[in-house]
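Peer 1: Below is the file entry-v1.csv, which contains CSV, C-alpha atoms and all ligand atoms.
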```csv
chain,number,residue,atom,x,y,z
N,1,MET,CA,-14.1,-2.0,-19.1
N,2,HIS,CA,-14.3,-0.3,-15.7
N,3,ALA,CA,-11.9,2.7,-15.9
N,4,ILE,CA,-11.7,6.3,-14.8
N,5,ASP,CA,-9.7,8.2,-17.3
N,6,ILE,CA,-8.5,11.7,-16.3
N,7,GLY,CA,-6.5,13.1,-19.2
N,8,HIS,CA,-4.4,16.3,-18.8
N,9,VAL,CA,-7.0,18.0,-16.6
N,10,THR,CA,-6.7,21.6,-15.6
N,11,LEU,CA,-9.2,22.6,-12.9
N,12,GLU,CA,-9.6,26.1,-11.6
N,13,ARG,CA,-12.4,27.2,-9.2
N,14,ASP,CA,-13.1,30.8,-8.6
N,15,GLY,CA,-9.7,31.8,-9.9
N,16,ALA,CA,-7.8,29.2,-7.7
N,17,ARG,CA,-5.8,26.6,-9.7
N,18,ILE,CA,-6.5,23.3,-8.0
N,19,PHE,CA,-5.1,20.8,-10.6
N,20,PRO,CA,-2.5,22.3,-13.0
N,21,ASP,CA,-2.2,19.2,-15.2
N,22,LEU,CA,-3.6,15.9,-13.9
N,23,THR,CA,-3.5,12.6,-15.7
N,24,LEU,CA,-4.6,9.3,-14.1
N,25,ARG,CA,-6.1,6.0,-15.2
N,26,LEU,CA,-7.9,4.1,-12.4
N,27,THR,CA,-9.1,0.6,-12.9
N,28,GLU,CA,-8.7,-1.1,-9.5
N,29,ARG,CA,-11.6,-2.2,-7.4
N,30,ARG,CA,-10.5,-0.5,-4.2
N,31,ILE,CA,-8.8,2.9,-4.6
N,32,GLY,CA,-7.9,5.1,-1.6
N,33,VAL,CA,-7.2,8.8,-1.7
N,34,VAL,CA,-5.2,10.5,1.1
N,35,GLY,CA,-3.8,14.0,1.5
N,36,ARG,CA,-3.7,17.0,3.7
N,37,ASN,CA,-6.6,19.6,4.0
N,38,GLY,CA,-6.8,21.4,0.7
N,39,ALA,CA,-4.8,18.9,-1.3
N,40,GLY,CA,-7.6,18.5,-3.8
N,41,LYS,CA,-9.3,15.2,-2.7
N,42,SER,CA,-12.8,16.5,-2.8
N,43,SER,CA,-12.1,18.3,-6.1
N,44,LEU,CA,-10.9,15.0,-7.6
N,45,ILE,CA,-14.1,13.3,-6.4
N,46,ARG,CA,-16.2,16.1,-7.9
N,47,LEU,CA,-14.3,15.8,-11.2
N,48,ILE,CA,-14.9,12.0,-11.3
N,49,THR,CA,-18.7,12.5,-10.7
N,50,GLY,CA,-18.9,15.3,-13.2
N,51,LEU,CA,-20.1,17.8,-10.6
N,52,VAL,CA,-17.4,20.1,-11.8
N,53,ALA,CA,-16.0,20.4,-15.3
N,54,PRO,CA,-12.3,20.9,-16.0
N,55,GLN,CA,-11.2,24.0,-17.9
N,56,ARG,CA,-8.9,21.7,-20.0
N,57,GLY,CA,-8.7,18.0,-20.5
N,58,GLN,CA,-11.3,15.3,-20.1
N,59,VAL,CA,-12.7,13.0,-17.4
N,60,ARG,CA,-14.3,9.8,-18.6
N,61,VAL,CA,-15.8,7.0,-16.5
N,62,ASN,CA,-16.4,3.8,-18.3
N,63,GLY,CA,-16.1,5.8,-21.5
N,64,ILE,CA,-18.7,8.4,-20.4
N,65,GLU,CA,-17.6,12.0,-20.4
N,66,VAL,CA,-19.2,12.7,-17.0
N,67,ALA,CA,-19.3,16.5,-17.0
N,68,LYS,CA,-21.2,16.5,-20.4
N,69,ASP,CA,-23.4,13.4,-20.2
N,70,ARG,CA,-25.1,13.9,-16.8
N,71,THR,CA,-27.6,11.1,-17.3
N,72,GLY,CA,-24.9,8.7,-18.2
N,73,ALA,CA,-22.8,9.9,-15.3
N,74,LEU,CA,-25.7,9.3,-12.8
N,75,ALA,CA,-26.0,5.7,-14.0
N,76,THR,CA,-22.3,5.1,-13.8
N,77,VAL,CA,-21.0,6.9,-10.7
N,78,GLY,CA,-22.5,7.4,-7.3
N,79,LEU,CA,-21.2,9.7,-4.6
N,80,LEU,CA,-21.7,9.5,-0.9
N,81,PHE,CA,-21.1,12.8,0.8
N,82,GLN,CA,-19.4,13.2,4.1
N,83,ASN,CA,-22.5,14.7,5.7
N,84,PRO,CA,-25.8,12.7,4.9
N,85,ASP,CA,-27.8,15.9,5.5
N,86,HIS,CA,-26.2,17.4,2.4
N,87,GLN,CA,-27.7,14.5,0.4
N,88,ILE,CA,-31.1,13.7,1.9
N,89,ILE,CA,-34.0,15.6,0.5
N,90,PHE,CA,-37.1,13.7,1.4
N,91,PRO,CA,-38.6,13.2,4.9
N,92,VAL,CA,-39.3,9.5,4.5
N,93,VAL,CA,-36.7,6.8,3.8
N,94,ARG,CA,-38.6,5.0,1.0
N,95,ASP,CA,-39.1,8.2,-1.0
N,96,GLU,CA,-35.5,9.2,-0.5
N,97,ILE,CA,-34.2,5.9,-2.0
N,98,ALA,CA,-36.8,6.0,-4.8
N,99,PHE,CA,-36.0,9.6,-5.8
N,100,GLY,CA,-32.9,8.8,-7.9
N,101,LEU,CA,-34.7,6.0,-9.7
N,102,GLU,CA,-37.5,8.4,-10.7
N,103,GLN,CA,-34.9,10.8,-11.9
N,104,LYS,CA,-33.6,8.0,-14.0
N,105,GLY,CA,-37.0,7.7,-15.6
N,106,LEU,CA,-38.6,4.8,-13.7
N,107,LYS,CA,-42.4,5.1,-13.0
N,108,ARG,CA,-43.1,5.9,-9.3
N,109,ALA,CA,-44.5,2.5,-8.5
N,110,GLU,CA,-41.5,0.7,-9.9
N,111,ALA,CA,-39.1,3.1,-8.2
N,112,LEU,CA,-40.8,2.4,-4.8
N,113,ARG,CA,-40.7,-1.3,-5.4
N,114,ARG,CA,-37.0,-1.2,-6.1
N,115,ALA,CA,-36.4,1.0,-3.1
N,116,GLU,CA,-38.1,-1.6,-1.0
N,117,ALA,CA,-35.9,-4.3,-2.6
N,118,VAL,CA,-32.8,-2.4,-1.7
N,119,LEU,CA,-34.0,-1.9,1.9
N,120,ALA,CA,-34.7,-5.7,2.2
N,121,ALA,CA,-31.3,-6.6,0.7
N,122,GLN,CA,-29.6,-4.5,3.4
N,123,GLY,CA,-31.9,-6.0,6.2
N,124,ARG,CA,-33.6,-2.6,6.7
N,125,SER,CA,-37.2,-3.2,5.5
N,126,ASP,CA,-38.5,-1.8,8.7
N,127,TRP,CA,-37.0,1.6,7.8
N,128,ALA,CA,-39.2,2.1,4.7
N,129,ASP,CA,-41.7,4.4,6.5
N,130,ARG,CA,-39.2,5.9,9.0
N,131,LEU,CA,-38.6,9.7,9.0
N,132,CYS,CA,-35.0,10.3,8.0
N,133,HIS,CA,-34.5,12.9,10.7
N,134,THR,CA,-35.3,10.2,13.4
N,135,LEU,CA,-32.3,8.1,12.3
N,136,SER,CA,-28.8,8.5,13.7
N,137,GLN,CA,-26.1,10.1,11.5
N,138,GLY,CA,-24.7,6.6,10.7
N,139,GLN,CA,-28.1,5.3,9.8
N,140,ARG,CA,-28.8,8.4,7.6
N,141,GLN,CA,-25.5,7.6,5.9
N,142,LEU,CA,-26.7,4.1,5.2
N,143,VAL,CA,-29.9,5.6,3.7
N,144,CYS,CA,-27.6,7.6,1.4
N,145,LEU,CA,-25.7,4.4,0.5
N,146,MET,CA,-28.9,2.6,-0.2
N,147,SER,CA,-30.0,5.4,-2.5
N,148,ILE,CA,-26.8,5.0,-4.4
N,149,LEU,CA,-27.0,1.2,-4.5
N,150,ALA,CA,-30.6,1.5,-6.0
N,151,MET,CA,-29.1,3.3,-9.0
N,152,GLU,CA,-26.7,0.4,-9.6
N,153,PRO,CA,-23.7,2.4,-10.6
N,154,ASP,CA,-20.4,0.7,-11.5
N,155,TRP,CA,-18.4,3.1,-9.3
N,156,ILE,CA,-19.2,4.4,-5.8
N,157,LEU,CA,-17.2,7.3,-4.4
N,158,PHE,CA,-16.9,8.1,-0.7
N,159,ASP,CA,-15.8,11.5,0.5
N,160,GLU,CA,-14.6,11.1,4.1
N,161,PRO,CA,-17.5,8.8,5.1
N,162,PHE,CA,-16.1,8.1,8.6
N,163,ASN,CA,-15.9,11.7,9.9
N,164,SER,CA,-18.1,12.4,12.9
N,165,LEU,CA,-19.1,8.7,13.3
N,166,ASP,CA,-18.3,6.8,16.5
N,167,LEU,CA,-15.9,3.9,16.2
N,168,PRO,CA,-18.5,1.1,16.0
N,169,THR,CA,-20.6,3.0,13.3
N,170,ALA,CA,-17.4,3.7,11.3
N,171,LEU,CA,-16.4,0.0,11.5
N,172,ALA,CA,-20.0,-0.9,10.3
N,173,ILE,CA,-19.8,1.5,7.4
N,174,GLU,CA,-16.3,0.2,6.6
N,175,ALA,CA,-17.6,-3.4,6.5
N,176,ARG,CA,-20.4,-2.4,4.2
N,177,ILE,CA,-18.0,-0.7,1.9
N,178,ALA,CA,-15.8,-3.8,1.9
N,179,ALA,CA,-18.7,-5.9,0.9
N,180,LEU,CA,-19.7,-3.8,-2.1
N,181,ALA,CA,-19.4,-5.5,-5.5
N,182,GLN,CA,-18.8,-2.1,-7.1
N,183,HIS,CA,-15.5,-0.3,-7.8
N,184,VAL,CA,-14.8,2.1,-4.9
N,185,VAL,CA,-12.9,5.3,-4.6
N,186,LEU,CA,-12.6,6.3,-0.9
N,187,VAL,CA,-11.2,9.6,0.4
N,188,THR,CA,-10.2,9.5,4.0
N,189,HIS,CA,-7.9,11.1,6.5
N,190,ASP,CA,-7.5,7.8,8.3
N,191,PRO,CA,-4.9,5.6,6.6
N,192,ALA,CA,-5.9,2.6,8.8
N,193,ARG,CA,-9.1,2.3,6.8
N,194,LEU,CA,-7.1,1.7,3.6
N,195,THR,CA,-4.8,-1.2,4.4
N,196,GLY,CA,-6.6,-3.8,2.3
N,197,PHE,CA,-7.0,-1.5,-0.7
N,198,ASP,CA,-5.5,-2.2,-4.2
N,199,ARG,CA,-4.1,1.3,-4.8
N,200,ILE,CA,-3.5,4.5,-2.9
N,201,LEU,CA,-3.2,8.0,-4.3
N,202,TRP,CA,-1.5,10.6,-2.1
N,203,LEU,CA,-2.5,14.1,-3.3
N,204,GLU,CA,-0.4,17.1,-2.3
N,205,ALA,CA,-1.4,20.6,-3.6
N,206,GLY,CA,-3.1,19.3,-6.7
N,207,ARG,CA,-0.3,16.9,-7.6
N,208,ILE,CA,0.1,13.1,-7.1
N,209,GLU,CA,2.8,12.8,-4.5
N,210,ALA,CA,2.7,9.0,-4.5
N,211,ASP,CA,0.7,6.3,-6.2
N,212,GLY,CA,1.0,2.6,-5.4
N,213,PRO,CA,0.0,-0.2,-3.1
N,214,PRO,CA,-0.9,0.6,0.5
N,215,ALA,CA,2.3,-1.0,1.9
N,216,GLU,CA,4.4,1.3,-0.2
N,217,VAL,CA,2.4,4.6,0.0
N,218,LEU,CA,0.8,4.6,3.5
N,219,PRO,CA,4.0,4.3,5.6
N,220,ARG,CA,5.5,7.3,3.7
N,221,TYR,CA,2.3,9.3,4.1
N,222,ILE,CA,2.1,8.6,7.8
N,223,ALA,CA,5.7,9.5,8.3
N,224,ALA,CA,5.3,12.8,6.4
N,225,MET,CA,2.2,13.6,8.5
N,226,GLU,CA,3.9,12.8,11.7
N,227,ALA,CA,6.9,15.0,10.7
N,228,LEU,CA,4.4,17.9,10.0
N,229,ALA,CA,2.7,17.3,13.4
N,230,ARG,CA,6.1,17.5,15.1
N,231,ASP,CA,6.9,20.8,13.3
N,232,ALA,CA,3.5,22.2,14.2
N,233,ALA,CA,4.0,21.3,17.9
N,234,CYS,CA,7.3,23.3,18.1
S,301,LIG,N1,-15.2,26.6,-5.0
S,301,LIG,C1,-13.9,26.9,-4.8
S,301,LIG,N2,-13.4,28.1,-5.0
S,301,LIG,C2,-12.1,28.4,-4.8
S,301,LIG,N3,-11.2,27.5,-4.3
S,301,LIG,C3,-11.6,26.3,-4.0
S,301,LIG,C4,-13.0,25.9,-4.2
S,301,LIG,N4,-13.1,24.6,-3.9
S,301,LIG,C5,-11.9,24.2,-3.4
S,301,LIG,N5,-11.0,25.2,-3.5
S,301,LIG,C6,-9.6,25.2,-3.2
S,301,LIG,O1,-9.0,24.0,-3.8
S,301,LIG,C7,-8.1,23.4,-3.0
S,301,LIG,C8,-8.5,21.9,-2.9
S,301,LIG,O2,-9.7,21.8,-2.2
S,301,LIG,P1,-10.4,20.4,-1.8
S,301,LIG,O3,-11.7,20.7,-1.1
S,301,LIG,O4,-10.5,19.6,-3.1
S,301,LIG,O5,-9.3,19.8,-0.9
S,301,LIG,P2,-9.4,18.5,0.1
S,301,LIG,O6,-8.2,17.7,-0.1
S,301,LIG,O7,-10.7,17.8,-0.1
S,301,LIG,O8,-9.4,19.2,1.5
S,301,LIG,P3,-10.2,18.7,2.9
S,301,LIG,O9,-9.4,17.6,3.4
S,301,LIG,O10,-10.0,19.9,3.8
S,301,LIG,O11,-11.6,18.4,2.6
S,301,LIG,C9,-8.1,24.2,-1.7
S,301,LIG,O12,-7.0,25.0,-1.7
S,301,LIG,C10,-9.4,24.9,-1.7
S,301,LIG,O13,-9.3,26.1,-1.0
```
Spell out the structure here as structure tokens.
Ligand SMILES: Nc1ncnc2c1ncn2[C@@H]1O[C@H](COP(=O)(O)OP(=O)(O)OP(=O)(O)O)[C@@H](O)[C@H]1O

Peer 2:
Amino acid sequence: MHAIDIGHVTLERDGARIFPDLTLRLTERRIGVVGRNGAGKSSLIRLITGLVAPQRGQVRVNGIEVAKDRTGALATVGLLFQNPDHQIIFPVVRDEIAFGLEQKGLKRAEALRRAEAVLAAQGRSDWADRLCHTLSQGQRQLVCLMSILAMEPDWILFDEPFNSLDLPTALAIEARIAALAQHVVLVTHDPARLTGFDRILWLEAGRIEADGPPAEVLPRYIAAMEALARDAAC
């Protein structure tokens, strides 16, 4: 069963209480997360990947307690950061994609073979020997996505993947996300990217302000943000 289970989670970081008591069960294929700056969206993503551990409560993804079983978590959940340069370690594309597979225990030759298979599946075989820093930001983001796809996780999380991309590149990344077979959780400030999604979570100061289908949640969210913008303009 594909499910993210967050049970009575309290999360504090450096003394700041981010989630006082969060309970959520997520099973849909396409889940969008919206909210203002500081609402807790990135913290939620970090909890689901197991990069931060809650002080109280549990986070399980497909039954794996992600903060404790790091190997299980890496095989189950992949995270695409907003900035590919926070993710890319290796100079050459093929090595970057193979790295996670080697971490997973694959022999180097097999990891490289799989990296090349992922590049071929994405129509990017010619990138294998490219230096990552010679690719554009959108292309580097695709390298990060391919590194995740190589790991074959059941869930892929995206933390504001469209920021600092031009419109055609953002649309291309959106189309790639739409085509993924995996379950997706996508954090974005742009509600237009979430219209076809199954479920939207609206976070507000560490609480769920609204949770439901896009047609129900997004118009309320947009209206609230427009009201805040009007107030700020006065
Ligand atoms: N390491 C930390 N130490 C202390 N406070 C933190 C830490 N990380 C996040 N916070 C606080 O937790 C709250 C939620 O932060 P988070 O980054 O999850 O929000 P966000 O919704 O992703 O915001 P943004 O849209 O600006 O990226 C904020 O008030 C932030 O200041």

Peer 1: For a quick check of understanding, using all atoms listed in the file, which of N:Leu24, N:Thr195, N:Leu165, N:Gln58 has the smallest distance to Ala178 (chain N)?

Peer 2: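 Among the listed residues, the smallest separation from Ala178 (chain N) belongs to N:Thr195.
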
Peer 1: Residues within 8 Å of ligand LIG 301 (chain S), counting all atoms listed in the file: report them as a PyMOL selection string.

Peer 2: chain N and resi 12-18+34-45+189+203+205-206

Peer 1: Using the file's own x, y and z axes, what box holds all listed atoms of region 177-192 of chain N with 3 Å on each side, keeping edges along x, y and z, and what are its centre and edge lengths in Å to one decimal, as JSON?

Peer 2:
```
{"center_x": -12.3, "center_y": 2.6, "center_z": 0.5, "size_x": 20.8, "size_y": 23.0, "size_z": 22.6}
```

Peer 1: Let me make sure I understand: among N:Arg25, N:Arg46, N:His2, N:Arg94, which one has the smallest atom-to-atom distance to Leu157 (chain N) if we use only C-alpha atoms?

Peer 2: N:Arg46

Peer 1: Using only C-alpha atoms, determine which residues lie at most 12 Å from region 113-126 of chain N, disregarding the query and same-chain residues fewer than 5 positions distant; provide the list as a PDB file with C-alpha atoms, in the frame of the given file.

Peer 2:
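The new file selection_15.pdb reads:
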```pdb
ATOM      1  CA  VAL N  92     -39.300   9.500   4.500  1.00  0.00           C
ATOM      2  CA  VAL N  93     -36.700   6.800   3.800  1.00  0.00           C
ATOM      3  CA  ARG N  94     -38.600   5.000   1.000  1.00  0.00           C
ATOM      4  CA  ASP N  95     -39.100   8.200  -1.000  1.00  0.00           C
ATOM      5  CA  GLU N  96     -35.500   9.200  -0.500  1.00  0.00           C
ATOM      6  CA  ILE N  97     -34.200   5.900  -2.000  1.00  0.00           C
ATOM      7  CA  ALA N  98     -36.800   6.000  -4.800  1.00  0.00           C
ATOM      8  CA  PHE N  99     -36.000   9.600  -5.800  1.00  0.00           C
ATOM      9  CA  GLY N 100     -32.900   8.800  -7.900  1.00  0.00           C
ATOM     10  CA  LEU N 101     -34.700   6.000  -9.700  1.00  0.00           C
ATOM     11  CA  GLU N 102     -37.500   8.400 -10.700  1.00  0.00           C
ATOM     12  CA  LEU N 106     -38.600   4.800 -13.700  1.00  0.00           C
ATOM     13  CA  LYS N 107     -42.400   5.100 -13.000  1.00  0.00           C
ATOM     14  CA  ARG N 108     -43.100   5.900  -9.300  1.00  0.00           C
ATOM     15  CA  LEU N 131     -38.600   9.700   9.000  1.00  0.00           C
ATOM     16  CA  GLN N 139     -28.100   5.300   9.800  1.00  0.00           C
ATOM     17  CA  LEU N 142     -26.700   4.100   5.200  1.00  0.00           C
ATOM     18  CA  VAL N 143     -29.900   5.600   3.700  1.00  0.00           C
ATOM     19  CA  CYS N 144     -27.600   7.600   1.400  1.00  0.00           C
ATOM     20  CA  LEU N 145     -25.700   4.400   0.500  1.00  0.00           C
ATOM     21  CA  MET N 146     -28.900   2.600  -0.200  1.00  0.00           C
ATOM     22  CA  SER N 147     -30.000   5.400  -2.500  1.00  0.00           C
ATOM     23  CA  ILE N 148     -26.800   5.000  -4.400  1.00  0.00           C
ATOM     24  CA  LEU N 149     -27.000   1.200  -4.500  1.00  0.00           C
ATOM     25  CA  ALA N 150     -30.600   1.500  -6.000  1.00  0.00           C
ATOM     26  CA  MET N 151     -29.100   3.300  -9.000  1.00  0.00           C
ATOM     27  CA  GLU N 152     -26.700   0.400  -9.600  1.00  0.00           C
ATOM     28  CA  ARG N 176     -20.400  -2.400   4.200  1.00  0.00           C
ATOM     29  CA  ALA N 179     -18.700  -5.900   0.900  1.00  0.00           C
ATOM     30  CA  LEU N 180     -19.700  -3.800  -2.100  1.00  0.00           C
TER      31      LEU N 180
END
```

Peer 1: If you measure from CA of Pro153 (chain N) to CA of Val66 (chain N), what distance in Å do you get, rounded to one decimal?

Peer 2: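 Distance between the two atoms: 12.9 Å.
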
Peer 1: Which one of N:Glu160, N:Asp5, N:Asp85, N:Glu216 sits closest to Arg140 (chain N) if you count only C-alpha atoms?

Peer 2: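 That would be N:Asp85, the residue with the smallest distance to Arg140 (chain N).
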
Peer 1: When you draw a straight line from CA of Val184 (chain N) to CA of Leu218 (chain N), how long is it in Å?

Peer 2: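 These atoms are spaced 17.9 Å apart.
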
Peer 1: Counting all atoms listed in the file, which residues sit no farther than 8 Å from the position (-21.6, 10.1, -8.1) in the file's frame? I'd like them as a PyMOL selection string.

Peer 2: chain N and resi 48-50+73-74+76-80+155-157

Peer 1: With distances taken over only C-alpha atoms, which residue among N:Ala75, N:Ile173, N:Val61, N:Met225 lies nearest Pro191 (chain N)?

Peer 2: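 Comparing N:Ala75, N:Ile173, N:Val61, N:Met225 against Pro191 (chain N), the winner is N:Met225.
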
Peer 1: Would you mind reading off the distance between CA of Phe19 (chain N) and CA of Leu228 (chain N), one decimal, in Å?

Peer 2: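 Value for the CA of Phe19 (chain N)-CA of Leu228 (chain N) distance: 22.9 Å.
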
Peer 1: Let me make sure I understand: among N:Ile4, N:Ile89, N:Leu22, N:Val33, which one has the smallest atom-to-atom distance to Arg60 (chain N) if we use only C-alpha atoms?

Peer 2: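 Nearest candidate to Arg60 (chain N) out of N:Ile4, N:Ile89, N:Leu22, N:Val33: N:Ile4.
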
Peer 1: Pick the closest to Gly7 (chain N) from N:Asn163, N:Gln55, N:Gln182, N:Gln87: which is it, counting all atoms listed in the file?

Peer 2: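 Using all atoms listed in the file, the shortest distance to Gly7 (chain N) belongs to N:Gln55.
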
Peer 1: Residues near Pro213 (chain N), anyone? I mean within 10 Å using all atoms listed in the file, not counting same-chain ones fewer than 6 positions away, as a VMD selection string.

Peer 2: chain N and resid 31 to 32 194 to 201

Peer 1: Can you complete the atoms of region 52-66 of chain N to N, CA and C atoms and list them as a compact mmCIF listing (two decimals), keeping the file's coordinate frame?

Peer 2:
```
# COMPACT_ATOMS: atom_id res chain seq x y z
N VAL N 52 -18.10 18.96 -11.25
CA VAL N 52 -17.40 20.10 -11.80
C VAL N 52 -16.72 19.70 -13.10
N ALA N 53 -16.63 20.67 -14.01
CA ALA N 53 -16.00 20.40 -15.30
C ALA N 53 -14.66 21.02 -15.39
N PRO N 54 -13.69 20.30 -15.94
CA PRO N 54 -12.30 20.90 -16.00
C PRO N 54 -12.29 21.97 -17.11
N GLN N 55 -11.37 22.93 -16.91
CA GLN N 55 -11.20 24.00 -17.90
C GLN N 55 -10.50 23.37 -19.17
N ARG N 56 -9.58 22.43 -18.91
CA ARG N 56 -8.90 21.70 -20.00
C ARG N 56 -8.83 20.25 -19.68
N GLY N 57 -8.78 19.41 -20.73
CA GLY N 57 -8.70 18.00 -20.50
C GLY N 57 -10.07 17.34 -20.36
N GLN N 58 -10.04 16.04 -20.11
CA GLN N 58 -11.30 15.30 -20.10
C GLN N 58 -11.32 14.31 -18.92
N VAL N 59 -12.53 14.06 -18.40
CA VAL N 59 -12.70 13.00 -17.40
C VAL N 59 -13.76 12.05 -17.96
N ARG N 60 -13.35 10.80 -18.15
CA ARG N 60 -14.30 9.80 -18.60
C ARG N 60 -14.36 8.65 -17.61
N VAL N 61 -15.58 8.19 -17.34
CA VAL N 61 -15.80 7.00 -16.50
C VAL N 61 -16.48 5.97 -17.31
N ASN N 62 -15.85 4.83 -17.46
CA ASN N 62 -16.40 3.80 -18.30
C ASN N 62 -16.73 4.33 -19.71
N GLY N 63 -15.92 5.25 -20.17
CA GLY N 63 -16.10 5.80 -21.50
C GLY N 63 -17.06 7.02 -21.55
N ILE N 64 -17.75 7.31 -20.43
CA ILE N 64 -18.70 8.40 -20.40
C ILE N 64 -18.04 9.70 -19.97
N GLU N 65 -18.21 10.76 -20.76
CA GLU N 65 -17.60 12.00 -20.40
C GLU N 65 -18.59 12.68 -19.34
N VAL N 66 -18.23 12.51 -18.06
CA VAL N 66 -19.20 12.70 -17.00
C VAL N 66 -19.70 14.16 -16.84
```
